[in-house]
Structures are given as structure tokens and as C-alpha cells.
There are 2 protein chains.
Amino acid sequence: MKPNSKLTLIGFVAVELAFIATVALAQDQLSSWNGGPTKQTIVDFVARVTKEGSPDFVPVPERIATFDNDGTLWAEQPMYFQFFFALHRVKALAPQHPEWKTKEPFASLLKGNVKGVLKEGERAMLEIVMATHAGMTTEEFEKIVKDWVASAKHPKTKRPYTEMVYQPMLELLAYLRANGFKTFIVSGGGVEFMRPWTEKVYGISPEQVIGSSVKTKFEMRDGKPVLVRLPEINFIDDKAGKPVGIHQHIGRRPIAAFGNSEGDREMLEWTQAAGGARLMMLVHHDDAVREFAYGTESKIGTFSDALMTEAKKNGWTVISMKNDWKVVFPFEGK
Amino acid sequence: MKPNSKLTLIGFVAVELAFIATVALAQDQLSSWNGGPTKQTIVDFVARVTKEGSPDFVPVPERIATFDNDGTLWAEQPMYFQFFFALHRVKALAPQHPEWKTKEPFASLLKGNVKGVLKEGERAMLEIVMATHAGMTTEEFEKIVKDWVASAKHPKTKRPYTEMVYQPMLELLAYLRANGFKTFIVSGGGVEFMRPWTEKVYGISPEQVIGSSVKTKFEMRDGKPVLVRLPEINFIDDKAGKPVGIHQHIGRRPIAAFGNSEGDREMLEWTQAAGGARLMMLVHHDDAVREFAYGTESKIGTFSDALMTEAKKNGWTVISMKNDWKVVFPFEGK
């Protein structure tokens, strides 16, 4: 056998073995999803786009799937987890900021009046995030996030926040990747707040995380280059910002997109508009027993009647947590 | 055999076969590099970081390599190829802009006085790029770039610009990828000018291209979502902007970085500063016969004496096109 044909044979055998392994592993991959039209929609879509020769076939490099994070991959109640982190930072930084004792919104927060601050809306939250997420190097910030994530507990379940992830969505991520998809997070949350733990928790590497960001500045400190985080918004990756962020970062359109709220509307519209076989899904939080039931009225994760109407009109699939998910969190029943 | 152990065995055999294939293919992978210390530096570095159990071992997900484009992967003389594209656009758009007949720098360009405009420096060039690269949707722009790249020819060699790439660097990209590296472009050029052709020319997918960009805006046109390119700078991915762009996009540091000019200095500093086995290389354009000889005095691709001093001090490898490359362009000798 010539070296080339030996290599071809080796390559062929390796591909075949990989295929057998994938099929065997795939059998149980969506086991936390109840059978029914929602699960079937996922399986049918993946079958269509991966079947060579089919009119809906999509080559591997173009199999891009984007996932919102808060409320889609992990919980977002009673408030965005990044905001718990910001509150923790306000307390940690308060001794260096005596002026916060009388300056709003910090004064209210330090007195424990979180609800009052939340009512003031996005501007106040942004002010808190800017004050607590900037002024240090990117490496220092990464360490702060890692330490917090390793120790902080959710106020209701007393579990680490990184356990407040949805088991069916973890399975969906793995299932898509096993079928040649590249999975991205596209979140309104801070990109540097997510990257330190997404690889471990979701199997999503830092370069596949897209999020909001502050500006950073390259400078020399003691002869060593650092990137300093500035208290200045660089990009808000939410609503109409999501297609912009996807385009900036990925440079091609997703063929599947997953969200749960108004903030994801444009991402799903953008995904669908290219035509061809596309999968658009919205997680609906309708399970007050196992998670939370909210949507129409909620300031966090708003899912208005107008969004529901658009989803139905456009053929997007609404995932009912209550009916479609056998298990919500990985720790259930453990 | 239980199903699990069968899968483990299959996985093991597949990995072994993949390894054999990689070693066999690697033998000729750097054939356009002359033997000597430069080539040896590359091979030694790759051996160190890929050898499991070695103190310099780097896990696959962290094997990030970043490449400048202009002057590092493809030629940049007599001027940046994107600027030829901008000139082409000025001519194409002139009928819609009668005011350009008397407005500088457009008036000079339309009269063929390119050198005069280049002397005016970056501000004039930026004005031209803004005027010609904005105002259309991202899809329209992509088509314009693709059409230009398919038809335009380099003024000296009369070859398509996408053939003006360095054969040894194509081999280096492939060699690194065969050794588990993820290869990124980190260029001062426009990200949307590069993405339409980098996959075909370099094997680098759109999501692994980082570059300068204009702002884009999501809007509905005839009920269809589009992204419109605005005449407003979003990000300049050059000099101190390169580490910023790398951090924003990749979220981890490269372990190998390749450039050719002052614009790459901070990227190499940032790569080296994390410590561990790192590879920093600068292409030096010292081959007036096969390419161009320039550097110290050139406005394009400046390689000052100070940069050479820093390279020597920091142990960066300077690649001599003249001495280290057996072949410069893929079309040589054809």
C-alpha cells in the first residue's frame, strides 16, 4: 500500500468509528425532554440540516447555534445573577468609597434596599455595574468573578449559581455539538462575567461567548502590559444589539437561535430571515413549582403577549418548562 | 464488552489513528521554509507545547495563534490592498457623488493623483474608507467585496490579490492547525473586507477573523431585518488596539503571535507577557527581488530600528523573507 492510500484508509476508518461513537452517544442525549412536538421539532430540524444530499443540508462550518444566557441556559430570578455579583462588589468596595453612604443608588443598596434600586430601572443598574466592574485589569476582574462564582449561593435554592442551569438545555447544547454545530452564547450579560465559567458549565469556550462589554485600555504597569477596564460602555448586546454582536463576532448568521424574552426577538428574526431550514425557540417560564412562572408583567425576562403572537405567526417554537422538561435543574432528585 | 468500554476503545483507536495520520502529514508541512534557526524555532516551539507531560505543555483549547494580515500573510505593497478596493469604490460611486469633483481627497483621486492623497496620511484614507464602505447593508457590502476580489489584479504582478499570499505562512497556518492550534487573523484591516475570502484563502473561518470595523445598525427594510453599515468607526484593531481586540473577541491570550510592523508590537508584547512557552515572530521584508524590501522608512508596514531592538531584547524571531523562505508566493515557478 502506498503511504497516501494508507492515510486515506486510516482517515476512513477514523471517520467511521467517530460516526458509530456519535450515534451510540446520541441515543440518550435529550433524555430530560418529554416526548412531544417540541422535542420532535428539535430532532427533526437536526436531521434535516445534517442529512447530506437533502435540500436542507447545511455544511458543518455553517452550523451556528446561538443561545441567550439569562433565563435560557440558567435561571434569572429573582434577579439577573450578574446583579447579585454587582451587589456583592458594592459591599466589598464600600470601604474605599465613603461617599457611597450618601450617594444614590449606592446608599440604598448599602442599607439593603435592593428593591428600591431595581425600581429605578436600567440607568441605576448600569451605574452600579460601571462602578463595580471597572477600574481594575482584566486579569484582576477575572479572578474576582471566579472567586465569587466559587462561593456565592442562590438566595432561594442555596445552590451555587452555576448549578442553576437547565439540564435540558445542557443536553441540547451537547446534542447540537455532537451534530457538528458550533454553539455560541449571545447574552445581554457582561462577556467578562461569563467567560470565566462557561467552558466548565456549558462546554462553551471563551471565544464563543458574545456579551455586553466595557471599553478596555492597553497600558504598561511596571513594564508589564495590562488591559485596564474603563467605566465606559463599549457594547450592549441586547435586543437589536444581538444581531449586531453576532455579525461583529461570528460574521455569519446562526441557523438556530434560542432565547426567552423580548431581548431575544431581533436575534430570532435575524436568524429566520436568511431563509432555509431554521430553528427558533423561546423558553417560556411557566413552572412556578420547579422554577418560576413569569413573563408578561416581569421586568426581568419579559415575555409579552406581542412576543407570543410574533412567535406563533413566525412559526417559532415556544418551550413550556412545565410540559416539555422532565427535569429542570441537574440537582433535582439528587 | 459493556457499551461504555466499547466506546472508550473506539475513542482510543480513533485518537491513535488520528495521531499517526498527523505525524505522517506533518513531514512536508513546512517545505517552503529553508532549514535553519528560524524554521527550527517554529518546530521546537510546537514540539514543546504539544508534548504531554512536558512542563511547557499547553492543552488544545489554549493553543491560540494570532496572525496579522497585511505584510504578514499577504503582501501590502505598493499600498494596502483594501485601499485599492476603496479607490475602486470611489470610481464606482463617483456618478452618485457629483460633489466629489471638487471635494478633496476625492477630487485628487478621481484625477488619478493617488500619491498625493496617500501623503495626506491616515485622516484622508479614513475619509475615503468611510465614504466608500458605508451606507449599504452588510450583505450588499459582502457581495461588493466578493466581486472585487474575484476580478481585481495587483498592479505589479497582475495576479488576483488573493494569490499575493505567502506560501510559507500558508504552510505555517496549516502546520499549527494540524497540531491543535486555533488560528486567528488580527488585522488593522476591515473585518468585513477580509471575512468573505479568508476561509478559502487561509482556511480561517469568519468567526476567527478580528479586524477594524464600522458601526452597524439593525433595522427593518420591507419587513426584512438588515444590518446597515454606518459611516462611523466602531473599532480600530491596530497597535494597542490589537490586544484589546484579541481580548474582546477571544477572551484568552495567544501563545503564538505573528506580525511584521509597528502595528503588531503590542500584540507580541501581550502574547509574551503571560509567561510560559511563547512564540513571537516578525516577518522582515528584505527581499527586493521576489517581493519588496522596506521597513524603516516605509509608511506602510513600518519596521523601525526600535522595533528591531525590542525584538532582539525580547527574544522575538525575525523572519528574513530573503533567507528563510524557499518560495514567497504560491505561483512562483508555475
# chains A, B, ... in the order shown; residues from 1 in each chain; ligands from 1
call {"tool": "interface_residues", "arguments": {"of": "chain A", "to": "chain B", "cutoff": "6 Å", "atoms": "only C-alpha atoms", "output": "PyMOL selection string"}}
result
chain A and resi 14+206-207+218+240+250-251
call {"tool": "write_last_selection", "arguments": {"atoms": "N, CA and C atoms", "output": "CSV table (one decimal), in the first residue's frame"}}
result
chain,number,residue,atom,x,y,z
A,14,ALA,N,-11.2,6.1,10.8
A,14,ALA,CA,-11.4,7.0,11.9
A,14,ALA,C,-12.7,7.7,11.8
A,206,PRO,N,-14.4,30.5,25.8
A,206,PRO,CA,-14.4,31.9,25.9
A,206,PRO,C,-14.7,32.6,24.5
A,207,GLU,N,-14.0,32.1,23.5
A,207,GLU,CA,-14.1,32.8,22.2
A,207,GLU,C,-15.5,32.6,21.5
A,218,PHE,N,-5.1,49.3,26.8
A,218,PHE,CA,-3.8,48.7,26.9
A,218,PHE,C,-2.9,49.7,27.5
A,240,ALA,N,-31.9,44.8,19.6
A,240,ALA,CA,-31.3,45.0,18.3
A,240,ALA,C,-29.8,44.9,18.3
A,250,ILE,N,-19.2,36.8,14.9
A,250,ILE,CA,-19.2,35.5,14.1
A,250,ILE,C,-19.1,35.8,12.7
A,251,GLY,N,-19.7,36.8,12.2
A,251,GLY,CA,-19.6,37.2,10.7
A,251,GLY,C,-20.4,36.3,9.9
call {"tool": "residues_around", "arguments": {"residues": "B:Val165", "least_positions_apart": "5", "cutoff": "9 Å", "atoms": "only C-alpha atoms", "output": "number ranges by chain"}}
result
B: 72-75, 170, 201-202, 328-330
call {"tool": "residues_around", "arguments": {"residues": "stretch 180-187 of chain B", "least_positions_apart": "4", "cutoff": "7 Å", "atoms": "only C-alpha atoms", "output": "list of chain:residue names"}}
result
B:Val60, B:Arg63, B:Ile64, B:Ala65, B:Thr66, B:Phe67, B:Asp68, B:Asn69, B:Leu173, B:Leu176, B:Ile204, B:Gln208, B:Val209, B:Ile210, B:Gly211, B:Asp237, B:Asp238, B:Lys242
call {"tool": "atom_distance", "arguments": {"atom1": "atom CA of B:Lys153", "atom2": "atom CA of B:Ala86"}}
result
14.1 Å
call {"tool": "select_by_dssp", "arguments": {"residues": "stretch 84-246 of chain A", "states": "helix (DSSP H, G or I)", "output": "ChimeraX atom specification"}}
result
/A:84-96,98-101,106-110,114-119,122-133,138-151,161-163,167-178,191-202,206-208,241-246
call {"tool": "select_by_dssp", "arguments": {"residues": "stretch 125-321 of chain B", "states": "strand (DSSP E)", "output": "PyMOL selection string"}}
result
chain B and resi 182-190+209-221+224-235+256-259+279-284+317-320
